[in-house]
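Presented below is the structure to which this report refers.
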Amino acid sequence: MVDSSDALPDLRDPNILSIGYNAVYTATPHSATLRRLWHELAEGLDFPEDFGHISFVTLPQLRRIAAELRLGPGGTLVDLGCGRAGPALWVARELGAQLIGVDFAAVAVEQAGARAAALGLAGQARFVVGTFADTGLDPESADGAMSEDALQYAPDKRAAVAEAGRILRRGARMVFTAFELEPGRAAGLPVFGSDPVDDYRPLLSEAGFAVEAYEEVPGWPEPMTATYSALVSAGGTLAQEMGPQAAAALLTELSMTLQQQPYRRRVLVVATKR
Ligand SMILES: C[S@@+](CC[C@H](N)C(=O)[O-])C[C@H]1O[C@@H](n2cnc3c(N)ncnc32)[C@H](O)[C@@H]1O
């Protein structure tokens with residue numbers, strides 16, 4: 001057990017999402033059960049474990065993201081909501097890109113840096129604490145951007161997409177997976193902010209992107225339902241391995257998602273900055 005605190009998530013706290021993610025990232029290295037179930041049910045057994053993640057990106061999807069970025073060696077790649085940056089480090093290694101990962105969870109940013117060093121990629125990657133709407137990066141400084149199953153959490157999704165447009169050079173591509181939200185079902189769930197988006201295309205157009213591809217990921221609900229159900233069933237073990245606070249943060253979101261089904265679709269999107 002890594003956290004002896006009995007404090008459970010306060011659903012009214014505006015910082016509940018970053019507090020929850022920091023708690024989960026702190027505890028993840030201590031939970032073999034979380035890692036095992038995520039690898040088996042979400043990543044897929046062919047996903048390289050050194051690059052493990054907490055999204056639903058499979059190896060074929062990651063190969064597609066890498067190809068769609070059309071990024072040459074030495075190009076600057078930004079990952080928005082990078083977490084521990086497994087997928088982004090895999091893509092950066094594959095393409096020879098210089099990676100900048102951005103996440104609002106300071107614990108994830110620190111772990112991503114340590115992971116890059118352990119993988120021998122420290123010279124090719126740096127990580128910063130920032131939000132979707134305020135990355136702190138320079139205008140037109142990136143040659144490509146990716147994001148895996150994170151943008152649905154942006155409290156202001158219009159501002160998040162506009163910020164991606166601001167940091168990308170003309171002609172650069174943004175390739176991401178994200179969940180579209182069902183506004184009626186996501187309403188009142190604190191983690192999705194106050195602007196549930198059921199289609200990212202209008203926001204992309206407004207921010208100066210041409211949408212090249214916008215596809216529902218086939219069979220998207222099954223890995224999510226299987227992973228979340230297995231983790232909820234393993235709640236007692238997770239509380240022991242992760243500590244009660246981190247387990248509660250994780251299980252609260254998973255249970256809410258299973259019960260309220262706030263997701264309309266999971267989409268893969270390719271957009272070019274005009
Ligand atoms: C489902 S996780 C995916 C992480 C990573 N992309 C992966 O594949 O493991 C979503 C990530 O979005 C980050 N996040 C959520 N809201 C954010 C915000 N407003 N600004 C920046 N990062 C945010 C979380 O800290 C978390 O790391």
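Identifiers in the structure tokens: chain A, B, ... in order shown; residue index from 1 per chain; ligand index from 1 in order shown.
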* To do: Output as an NGL selection string all residues of region 66-254 of chain A that backbone DSSP marks as alpha helix (DSSP H).
  => :A and (66-69 or 86-95 or 106-118 or 157-167 or 183-186 or 201-206 or 221-233 or 235-242 or 244-254)
* Asked: region 114-195 of chain A: which residues are strand (DSSP E or B) by DSSP, as a ChimeraX atom specification?
  -> /A:125-129,142-148,168-181
* Hey, which of A:Ile16, A:Ala172, A:Leu181, A:Val270 ends up closest to ligand 1? Count only C-alpha atoms and all ligand atoms. ->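 Closest to ligand 1 of all the choices is A:Ile16.
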* Exercise: Ala271 (chain A) partners within 8 Å, only C-alpha atoms, chain neighbours under 4 positions left out, as a count of residues only -> 9
* Asked: If we count only C-alpha atoms, what is near region 83-86 of chain A at a cut-off of 7 Å, once residues fewer than 6 positions away on the same chain are taken out, given as a PyMOL selection string?
  -> chain A and resi 51-53+101+103+108-109+111-112
* Which of these, A:Gly136, A:Pro221, A:Gly144, A:Gly75, has the shortest distance to ligand 1 once you count only C-alpha atoms and all ligand atoms? ->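 For ligand 1, the nearest of the candidates is A:Gly136.
In terms of minimum interatomic distance to Ile65 (chain A), A:Ala145 ranks closest within A:Ala162, A:Ala145, A:Leu189, A:Ala133, counting only C-alpha atoms.
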* Structure fact -> Between A:Ala116, A:Leu77, A:Ala32, A:Ala160, smallest distance to ligand 1 by only C-alpha atoms and all ligand atoms belongs to A:Ala160
* Distance in Å - CA of Val78 (chain A) versus atom 11 (C, counted along the ligand's line) of ligand 1 ->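 According to the coordinates, CA of Val78 (chain A) and atom 11 (C, counted along the ligand's line) of ligand 1 are separated by 13.7 Å.
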Set the distance at 7 Å and use only C-alpha atoms: which residues neighbour Tyr153 (chain A) once local chain neighbours fewer than 3 positions away are removed? I'd like the list as a PDB file with C-alpha atoms, in the first residue's frame.
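Contents of the output file out-v6.pdb:
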ATOM      1  CA  ALA A 150      -7.237  12.891 -23.444  1.00  0.00           C
ATOM      2  CA  VAL A 191     -14.221  15.372 -15.177  1.00  0.00           C
ATOM      3  CA  PHE A 192     -15.480  16.445 -18.602  1.00  0.00           C
ATOM      4  CA  GLY A 193     -15.778  20.165 -17.923  1.00  0.00           C
TER       5      GLY A 193
END
* Which of A:Gly120, A:Gly74, A:Pro190, A:Gly219 sits closest to ligand 1 [using only C-alpha atoms and all ligand atoms] ->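 Closest to ligand 1, using only C-alpha atoms and all ligand atoms: A:Pro190.
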* From the set A:Arg126, A:Lys157, A:Arg93, A:Arg63, which residue has the shortest atom-to-atom contact distance to ligand 1, counting only C-alpha atoms and all ligand atoms? -> A:Lys157
* Between CA of Pro73 (chain A) and atom 19 (N, counted along the ligand's line) of ligand 1 - distance in Å to one decimal ->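 Pair atom 19 (N, counted along the ligand's line) of ligand 1 / CA of Pro73 (chain A) returns 29.1 Å.
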